[in-house]
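K.L.:
This one is upload-v3.csv, CSV, C-alpha atoms.
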chain,number,residue,atom,x,y,z
A,1,MET,CA,96.6,-74.8,-16.1
A,2,HIS,CA,95.6,-75.8,-12.7
A,3,ILE,CA,92.2,-77.2,-12.2
A,4,VAL,CA,91.4,-74.5,-9.7
A,5,THR,CA,92.2,-71.9,-12.2
A,6,LYS,CA,89.9,-73.5,-14.7
A,7,ILE,CA,87.1,-73.7,-12.2
A,8,LEU,CA,87.6,-70.1,-11.3
A,9,ALA,CA,87.5,-69.2,-15.0
A,10,VAL,CA,84.3,-71.1,-15.4
A,11,PHE,CA,82.8,-69.4,-12.3
A,12,GLY,CA,83.9,-66.0,-13.5
A,13,ALA,CA,82.3,-66.5,-16.9
A,14,ILE,CA,79.0,-67.7,-15.2
A,15,LEU,CA,79.1,-64.7,-12.8
A,16,SER,CA,79.7,-62.4,-15.7
A,17,VAL,CA,76.7,-63.6,-17.6
A,18,LEU,CA,74.6,-63.4,-14.5
A,19,LEU,CA,75.8,-59.9,-13.8
A,20,ALA,CA,75.1,-58.9,-17.4
A,21,ALA,CA,71.6,-60.2,-17.2
A,22,LEU,CA,70.9,-58.5,-13.9
A,23,THR,CA,72.4,-55.2,-15.2
A,24,ILE,CA,70.2,-55.4,-18.4
A,25,ALA,CA,67.1,-55.9,-16.3
A,26,PHE,CA,68.1,-53.3,-13.8
A,27,ALA,CA,68.8,-50.7,-16.5
A,28,SER,CA,65.6,-51.4,-18.4
A,29,ASN,CA,63.5,-51.1,-15.2
A,30,ALA,CA,65.4,-48.0,-14.2
A,31,ASP,CA,64.6,-46.4,-17.6
A,32,ALA,CA,61.0,-47.5,-17.3
A,33,LEU,CA,60.7,-46.1,-13.8
A,34,ARG,CA,62.4,-42.8,-15.0
A,35,ASN,CA,59.8,-42.5,-17.8
A,36,ALA,CA,57.0,-43.3,-15.4
A,37,VAL,CA,58.2,-40.8,-12.9
A,38,SER,CA,58.5,-38.2,-15.6
A,39,GLU,CA,55.0,-39.0,-16.8
A,40,GLU,CA,53.7,-38.9,-13.2
A,41,GLN,CA,55.4,-35.5,-12.7
A,42,THR,CA,53.7,-34.2,-15.9
A,43,GLN,CA,50.4,-35.5,-14.7
A,44,LYS,CA,51.1,-34.0,-11.3
A,45,LEU,CA,51.8,-30.6,-12.9
A,46,ALA,CA,48.6,-30.9,-15.0
A,47,ALA,CA,46.7,-32.0,-11.9
A,48,GLN,CA,48.1,-29.1,-9.9
A,49,ALA,CA,47.2,-26.7,-12.7
A,50,ALA,CA,43.7,-28.1,-12.8
A,51,LEU,CA,43.6,-28.0,-9.0
A,52,SER,CA,44.7,-24.3,-9.1
A,53,LYS,CA,42.0,-23.6,-11.6
A,54,LYS,CA,39.4,-25.4,-9.6
A,55,GLU,CA,40.7,-23.6,-6.5
A,56,ALA,CA,40.3,-20.3,-8.3
A,57,ASP,CA,36.8,-21.2,-9.4
A,58,TYR,CA,36.1,-22.4,-5.9
A,59,ASN,CA,37.4,-19.1,-4.4
A,60,GLY,CA,35.2,-17.2,-6.8
A,61,GLN,CA,32.2,-19.3,-6.0
A,62,TYR,CA,33.1,-19.0,-2.3
A,63,ALA,CA,33.2,-15.2,-2.6
A,64,GLN,CA,29.9,-15.2,-4.4
A,65,LEU,CA,28.4,-17.5,-1.8
A,66,THR,CA,29.9,-15.4,1.0
A,67,LYS,CA,28.4,-12.3,-0.6
A,68,ALA,CA,25.1,-14.1,-1.0
A,69,SER,CA,25.3,-15.3,2.5
A,70,GLU,CA,25.9,-11.8,3.8
A,71,THR,CA,23.0,-10.5,1.7
A,72,ALA,CA,20.9,-13.3,3.0
A,73,ALA,CA,22.0,-12.5,6.5
A,74,SER,CA,21.1,-8.8,6.0
A,75,GLU,CA,17.8,-9.8,4.5
A,76,ARG,CA,17.2,-12.1,7.3
A,77,GLU,CA,17.9,-9.3,9.8
A,78,ALA,CA,15.6,-7.0,7.8
A,79,MET,CA,13.0,-9.7,7.8
A,80,LYS,CA,13.4,-10.2,11.6
A,81,ALA,CA,12.9,-6.4,12.1
A,82,LYS,CA,9.9,-6.5,9.7
A,83,VAL,CA,8.5,-9.5,11.6
A,84,VAL,CA,8.9,-7.6,14.9
A,85,SER,CA,7.2,-4.6,13.4
A,86,LEU,CA,4.4,-6.8,12.0
A,87,GLU,CA,4.1,-8.5,15.4
A,88,SER,CA,3.7,-5.1,17.1
A,89,GLU,CA,1.2,-4.0,14.4
A,90,ARG,CA,-0.7,-7.3,14.8
A,91,THR,CA,-0.8,-6.6,18.5
A,92,THR,CA,-2.1,-3.1,17.9
A,93,LEU,CA,-4.6,-4.3,15.4
A,94,ALA,CA,-5.8,-7.0,17.8
A,95,ALA,CA,-6.2,-4.3,20.5
A,96,GLN,CA,-8.1,-2.1,18.1
A,97,LEU,CA,-10.2,-5.1,17.0
A,98,GLN,CA,-11.1,-5.7,20.7
A,99,GLU,CA,-11.9,-2.1,21.2
A,100,ALA,CA,-14.0,-2.2,18.0
A,101,ARG,CA,-15.9,-5.2,19.3
A,102,LEU,CA,-16.5,-3.5,22.6
A,103,ALA,CA,-17.6,-0.4,20.8
A,104,LYS,CA,-19.9,-2.5,18.6
A,105,GLN,CA,-21.4,-4.1,21.7
A,106,GLY,CA,-21.8,-0.7,23.3
A,107,ASN,CA,-23.4,0.7,20.1
A,108,GLU,CA,-25.8,-2.2,20.0
A,109,ASP,CA,-26.7,-1.5,23.6
A,110,THR,CA,-27.0,2.2,22.9
A,111,ALA,CA,-29.1,1.4,19.8
A,112,THR,CA,-31.4,-0.8,21.8
A,113,SER,CA,-31.8,1.9,24.5
A,114,LEU,CA,-32.2,4.6,21.8
A,115,SER,CA,-34.9,2.5,20.1
A,116,ALA,CA,-36.8,2.4,23.4
A,117,THR,CA,-36.1,6.1,23.8
A,118,VAL,CA,-37.3,6.8,20.3
A,119,LYS,CA,-40.6,5.0,21.0
A,120,ALA,CA,-41.0,6.9,24.2
A,121,ASN,CA,-40.2,10.2,22.4
A,122,GLN,CA,-42.6,9.4,19.6
A,123,ALA,CA,-45.4,9.0,22.2
A,124,LEU,CA,-44.2,12.2,23.9
A,125,ILE,CA,-44.0,14.1,20.6
A,126,GLU,CA,-47.5,13.0,19.7
A,127,ALA,CA,-48.7,14.3,23.1
A,128,LEU,CA,-46.7,17.5,22.7
A,129,THR,CA,-48.0,18.0,19.2
A,130,LYS,CA,-51.5,17.7,20.4
A,131,GLU,CA,-50.8,20.1,23.3
A,132,ILE,CA,-49.0,22.5,20.9
A,133,GLY,CA,-52.0,22.6,18.7
A,134,GLU,CA,-54.1,23.5,21.6
A,135,LEU,CA,-51.6,26.1,22.8
A,136,ARG,CA,-51.3,27.5,19.3
A,137,ASN,CA,-55.0,28.1,19.1
A,138,GLU,CA,-55.0,29.6,22.5
A,139,ARG,CA,-52.0,31.8,21.6
A,140,ILE,CA,-53.8,33.0,18.4
A,141,SER,CA,-56.8,34.0,20.4
A,142,THR,CA,-54.5,35.7,23.0
A,143,ALA,CA,-52.5,37.5,20.3
A,144,ARG,CA,-55.7,38.7,18.7
A,145,ARG,CA,-56.9,40.0,22.1
A,146,GLU,CA,-53.4,41.5,22.7
A,147,ALA,CA,-53.6,43.3,19.4
A,148,GLU,CA,-56.9,44.7,20.3
A,149,LEU,CA,-55.5,45.9,23.7
A,150,VAL,CA,-52.5,47.4,22.0
A,151,ASP,CA,-54.7,49.3,19.6
A,152,ARG,CA,-56.7,50.5,22.6
A,153,LEU,CA,-53.5,51.4,24.4
A,154,ASN,CA,-52.1,53.3,21.5
A,155,ASP,CA,-55.3,55.3,21.2
A,156,LEU,CA,-55.2,56.1,24.9
A,157,GLU,CA,-51.5,57.1,24.6
A,158,SER,CA,-52.2,59.4,21.7
A,159,GLN,CA,-55.0,61.0,23.7
A,160,ARG,CA,-52.7,61.4,26.6
A,161,GLN,CA,-50.0,63.1,24.5
A,162,VAL,CA,-52.6,65.4,23.0
A,163,LEU,CA,-53.8,66.3,26.5
A,164,GLU,CA,-50.3,66.7,27.7
A,165,GLN,CA,-49.4,69.1,24.9
A,166,SER,CA,-52.6,71.0,25.6
A,167,THR,CA,-51.7,71.2,29.2
A,168,ARG,CA,-48.1,72.4,28.4
A,169,ALA,CA,-49.6,75.0,26.0
A,170,LEU,CA,-52.0,76.2,28.7
A,171,GLN,CA,-49.1,76.3,31.3
A,172,GLU,CA,-47.0,78.3,28.9
A,173,GLN,CA,-49.9,80.7,28.3
A,174,LEU,CA,-50.4,80.9,32.0
A,175,ALA,CA,-46.7,81.6,32.6
A,176,GLU,CA,-46.6,84.3,30.0
A,177,THR,CA,-49.7,85.8,31.4
A,178,LYS,CA,-48.2,85.8,34.9
A,179,LEU,CA,-45.0,87.3,33.5
A,180,ALA,CA,-47.0,90.0,31.7
A,181,MET,CA,-48.9,90.7,34.9
A,182,GLN,CA,-45.8,90.8,37.0
A,183,LYS,CA,-44.1,93.1,34.5
A,184,ALA,CA,-47.2,95.3,34.4
A,185,LYS,CA,-47.3,95.3,38.2
A,186,ASP,CA,-43.5,96.2,38.4
A,187,GLY,CA,-44.0,98.8,35.7
A,188,VAL,CA,-41.3,97.3,33.6
A,189,THR,CA,-41.7,98.0,29.9
A,190,ALA,CA,-38.4,96.8,28.5
A,191,THR,CA,-38.7,93.4,27.0
A,192,ASP,CA,-34.9,92.5,27.1
A,193,GLN,CA,-34.6,92.3,30.9
A,194,PRO,CA,-33.8,88.8,32.3
A,195,TYR,CA,-36.8,87.2,34.0
A,196,THR,CA,-37.4,84.0,36.0
A,197,TYR,CA,-39.5,81.4,34.3
A,198,THR,CA,-42.4,80.3,36.5
A,199,GLY,CA,-43.7,77.5,34.3
A,200,PRO,CA,-43.0,73.8,34.5
A,201,LEU,CA,-39.6,72.9,35.8
A,202,ILE,CA,-36.9,72.8,33.0
A,203,GLN,CA,-33.8,70.8,33.7
A,204,ALA,CA,-30.6,70.6,31.6
A,205,ARG,CA,-26.9,70.1,31.8
A,206,ILE,CA,-23.9,72.2,30.8
A,207,VAL,CA,-22.1,70.6,27.8
A,208,GLY,CA,-19.7,73.4,26.9
A,209,LEU,CA,-18.0,76.5,28.3
A,210,THR,CA,-16.4,79.4,26.3
A,211,THR,CA,-15.5,83.0,26.9
A,212,GLY,CA,-17.3,85.7,25.1
A,213,PRO,CA,-15.9,88.9,23.4
A,214,GLY,CA,-16.4,91.0,26.5
A,215,GLY,CA,-14.8,88.4,28.7
A,216,ASP,CA,-18.1,87.0,29.9
A,217,GLU,CA,-18.3,83.2,30.4
A,218,ILE,CA,-20.7,81.6,28.0
A,219,ALA,CA,-22.3,78.1,28.7
A,220,GLU,CA,-24.1,75.7,26.3
A,221,ILE,CA,-26.9,73.6,27.8
A,222,THR,CA,-28.9,70.5,26.7
A,223,ALA,CA,-32.2,72.2,26.5
A,224,GLY,CA,-33.8,74.4,23.8
A,225,SER,CA,-37.0,75.9,22.6
A,226,GLY,CA,-38.5,72.3,22.5
A,227,THR,CA,-38.5,72.4,26.3
A,228,GLY,CA,-39.8,76.0,26.6
A,229,LEU,CA,-36.6,78.0,26.8
A,230,LYS,CA,-36.7,81.5,25.5
A,231,PRO,CA,-34.1,84.4,25.4
A,232,ASN,CA,-33.6,86.4,28.6
A,233,MET,CA,-34.8,83.5,30.8
A,234,LYS,CA,-32.8,83.4,34.0
A,235,LEU,CA,-31.9,79.9,35.0
A,236,SER,CA,-30.0,78.6,38.1
A,237,ILE,CA,-26.8,76.6,37.8
A,238,THR,CA,-26.4,74.0,40.6
A,239,ARG,CA,-24.0,71.3,41.7
A,240,GLY,CA,-24.9,68.7,44.2
A,241,GLY,CA,-28.1,70.5,45.0
A,242,HIS,CA,-26.4,73.9,45.9
A,243,PHE,CA,-26.7,77.1,43.9
A,244,ILE,CA,-23.6,78.2,42.1
A,245,ALA,CA,-24.6,80.9,39.6
A,246,ASN,CA,-27.3,82.2,37.3
A,247,LEU,CA,-27.5,81.6,33.6
A,248,ILE,CA,-29.1,84.3,31.4
A,249,VAL,CA,-30.3,82.7,28.1
A,250,THR,CA,-29.1,84.6,25.1
A,251,ASN,CA,-29.7,82.3,22.1
A,252,VAL,CA,-32.1,79.4,21.8
A,253,ASP,CA,-32.0,76.5,19.4
A,254,ALA,CA,-34.4,73.6,19.0
A,255,GLN,CA,-32.3,71.2,21.2
A,256,ARG,CA,-29.6,73.5,22.6
A,257,ALA,CA,-29.4,76.9,24.2
A,258,VAL,CA,-26.5,79.3,25.0
A,259,GLY,CA,-26.4,81.8,27.9
A,260,LYS,CA,-24.1,84.1,29.9
A,261,VAL,CA,-23.0,82.9,33.3
A,262,ASP,CA,-23.7,85.4,36.1
A,263,LYS,CA,-21.7,84.6,39.2
A,264,LEU,CA,-23.2,87.6,41.1
A,265,GLY,CA,-19.8,89.1,41.7
A,266,ARG,CA,-18.2,86.1,43.4
A,267,LYS,CA,-14.8,85.2,42.0
A,268,ASP,CA,-14.3,82.0,43.9
A,269,VAL,CA,-17.1,80.3,41.9
A,270,THR,CA,-16.3,78.1,38.9
A,271,VAL,CA,-18.8,76.6,36.5
A,272,ALA,CA,-17.9,73.3,35.0
A,273,LYS,CA,-19.4,70.8,32.5
A,274,ASP,CA,-22.2,68.5,33.7
A,275,ASP,CA,-23.4,71.1,36.2
A,276,VAL,CA,-27.2,70.9,36.4
A,277,VAL,CA,-29.2,73.9,35.2
A,278,LEU,CA,-32.8,74.4,36.6
A,279,SER,CA,-35.4,76.9,35.7
A,280,ARG,CA,-36.2,77.4,39.4
A,281,LEU,CA,-35.0,76.3,42.8
A,282,ASP,CA,-37.8,74.7,44.9
B,1,MET,CA,98.6,-88.7,-26.7
B,2,SER,CA,100.1,-90.3,-23.8
B,3,GLN,CA,98.9,-93.9,-24.7
B,4,PHE,CA,101.4,-93.9,-27.5
B,5,GLY,CA,104.3,-93.5,-25.1
B,6,MET,CA,107.8,-92.9,-26.4
B,7,ASN,CA,106.8,-94.0,-29.9
B,8,MET,CA,105.5,-90.7,-30.7
B,9,PRO,CA,107.6,-87.7,-31.4
B,10,GLY,CA,107.9,-85.5,-28.5
B,11,GLY,CA,106.6,-88.2,-26.3
B,12,GLN,CA,109.8,-89.3,-24.6
B,13,GLY,CA,109.6,-86.5,-21.9
B,14,ARG,CA,106.9,-86.4,-19.2
B,15,ARG,CA,105.5,-83.0,-18.3
B,16,ALA,CA,105.2,-81.8,-14.7
B,17,ALA,CA,101.9,-81.3,-12.9
B,18,PRO,CA,100.5,-77.8,-13.4
B,19,GLN,CA,100.8,-75.4,-10.5
B,20,MET,CA,98.5,-72.5,-9.3
B,21,ASN,CA,100.1,-69.3,-10.3
B,22,VAL,CA,99.3,-65.6,-10.2
B,23,TYR,CA,96.5,-65.9,-12.7
B,24,THR,CA,94.8,-68.3,-10.5
B,25,GLY,CA,94.8,-65.6,-7.8
B,26,LEU,CA,93.6,-63.0,-10.2
B,27,LEU,CA,90.8,-65.2,-11.3
B,28,PHE,CA,89.8,-65.8,-7.7
B,29,LEU,CA,89.8,-62.1,-7.0
B,30,ALA,CA,87.7,-61.5,-10.1
B,31,CYS,CA,85.2,-64.3,-9.1
B,32,VAL,CA,84.9,-62.7,-5.6
B,33,SER,CA,84.3,-59.3,-7.1
B,34,LEU,CA,81.8,-60.6,-9.6
B,35,ALA,CA,79.9,-62.5,-6.9
B,36,ALA,CA,79.7,-59.3,-4.7
B,37,ALA,CA,78.6,-57.3,-7.8
B,38,CYS,CA,76.0,-59.9,-8.6
B,39,ILE,CA,74.6,-59.8,-5.0
B,40,TYR,CA,74.5,-56.0,-5.0
B,41,VAL,CA,72.9,-55.7,-8.4
B,42,TYR,CA,70.5,-58.6,-7.5
B,43,MET,CA,69.2,-56.7,-4.5
B,44,GLY,CA,68.8,-53.5,-6.5
B,45,ALA,CA,67.1,-55.3,-9.4
B,46,ALA,CA,64.8,-57.1,-7.0
B,47,LYS,CA,63.6,-53.6,-5.9
B,48,LEU,CA,63.0,-52.3,-9.5
B,49,GLY,CA,61.9,-55.6,-11.1
B,50,LYS,CA,58.3,-56.5,-12.0
B,51,ASP,CA,56.6,-57.9,-8.9
B,52,GLY,CA,60.0,-58.1,-7.1
B,53,ASP,CA,61.5,-60.3,-9.8
B,54,PRO,CA,65.0,-59.1,-10.5
B,55,PHE,CA,64.9,-60.4,-14.0
B,56,GLY,CA,61.4,-59.2,-14.7
B,57,ILE,CA,61.0,-56.2,-17.2
B,58,GLN,CA,58.5,-53.5,-16.3
B,59,ASP,CA,55.7,-52.9,-18.8
B,60,THR,CA,55.6,-49.2,-19.4
B,61,LYS,CA,52.2,-49.3,-21.0
B,62,GLY,CA,50.6,-51.6,-18.4
B,63,GLY,CA,51.9,-49.7,-15.5
B,64,ILE,CA,54.8,-50.1,-13.0
B,65,LYS,CA,54.4,-53.0,-10.6
B,66,LEU,CA,56.9,-53.0,-7.7
B,67,SER,CA,57.3,-55.4,-4.8
B,68,LYS,CA,55.3,-54.6,-1.7
Mind converting the file's structure to structure tokens?
P.N.:
Amino acid sequence: MHIVTKILAVFGAILSVLLAALTIAFASNADALRNAVSEEQTQKLAAQAALSKKEADYNGQYAQLTKASETAASEREAMKAKVVSLESERTTLAAQLQEARLAKQGNEDTATSLSATVKANQALIEALTKEIGELRNERISTARREAELVDRLNDLESQRQVLEQSTRALQEQLAETKLAMQKAKDGVTATDQPYTYTGPLIQARIVGLTTGPGGDEIAEITAGSGTGLKPNMKLSITRGGHFIANLIVTNVDAQRAVGKVDKLGRKDVTVAKDDVVLSRLD
Amino acid sequence: MSQFGMNMPGGQGRRAAPQMNVYTGLLFLACVSLAAACIYVYMGAAKLGKDGDPFGIQDTKGGIKLSK
């Protein structure tokens, strides 16, 4: 065998041993790395799962915090509005306080002036009280004197009425006497003939007009036996101071009388309400 | 056995010097291949070995330590 062949055989053996050692180490390390990689992947998956769980928790917390933030924002807006309203209310209250202070000052001034006025009024009241007392006494004496005068006046009035009634009675007697004398002078004996009353003036107004059974016009006047009217008296109906027609009294009551209208043959004459009736035309 | 010369049986003829033959070539080719394989595996083992040592074994419990 050639020496080169031997040397190559020796080198080949050495290289084989070396390659075997390297291969063993390489394979062992590769297995270790493979196991480590597998373990790392497992840990990675576990970490990813934990991360996902934490992320879900974080999302939940984030949603809660977001909701809480929105709630807080809305509350903050409400509080801002409330603050604005409270500010305006504070301004209003400050203005009212200022007004109240001014009013208080004014009231104090008024109270001071009123106090002075009260003192002056007290003095005035005292003076007036004294004067009123004097006036009351004077008034009492005046009233007493007035009562005496009224009594005297009433007495005089009653005397006057008595005298007036006496005068009226005398006038009526005189009128009847005149009528009787005139009738005796004329030779009239019938007592139902219309006659003209010559006593005191009697004045009345027409308050109603009707038509009698015979077609005569009947008028009601505002005077009766109280004023001296008697049946068959002939009165004059006037309007505006002008004679219109005669009224022959037929029935007499205390306050009213009814008579027949005598137009003296004139057909253009009309008698109306409120026409004046007089016992004579002067 | 050559100090005994022709006195020994089978010693009368001298052998010829050995020559390189086909096995020598094959061995050379094998040596070259083994050397290339060693270099290649060395480089790979140096990347996976503990602290860059191609013959170092990684400790699985203590953690993997690779070359920086």
K.L.:
Just need the residues of chain A within 8 Å of chain B, counting all atoms listed in the file, so spit them out as a VMD selection string.
P.N.:
chain A and resid 1 to 2 4 to 5 8 to 9 11 to 12 15 to 16 18 to 19 21 to 23 25 to 26 28 to 30 32 to 33 36
K.L.:
Could you tell me how far CA of Ala56 (chain A) sits from CA of Gln43 (chain A), in Å to one decimal place?
P.N.:
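Spanning CA of Gln43 (chain A) to CA of Ala56 (chain A) is a straight-line distance of 19.3 Å.
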K.L.:
Measure the distance from CA of Val271 (chain A) to CA of Ser236 (chain A) in Å and round it to one decimal.
P.N.:
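Pair CA of Val271 (chain A) / CA of Ser236 (chain A) returns 11.5 Å.
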K.L.:
Please compute the CA of Thr227 (chain A)-CA of Leu201 (chain A) distance, one decimal, in Å.
P.N.:
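These atoms are spaced 9.6 Å apart.
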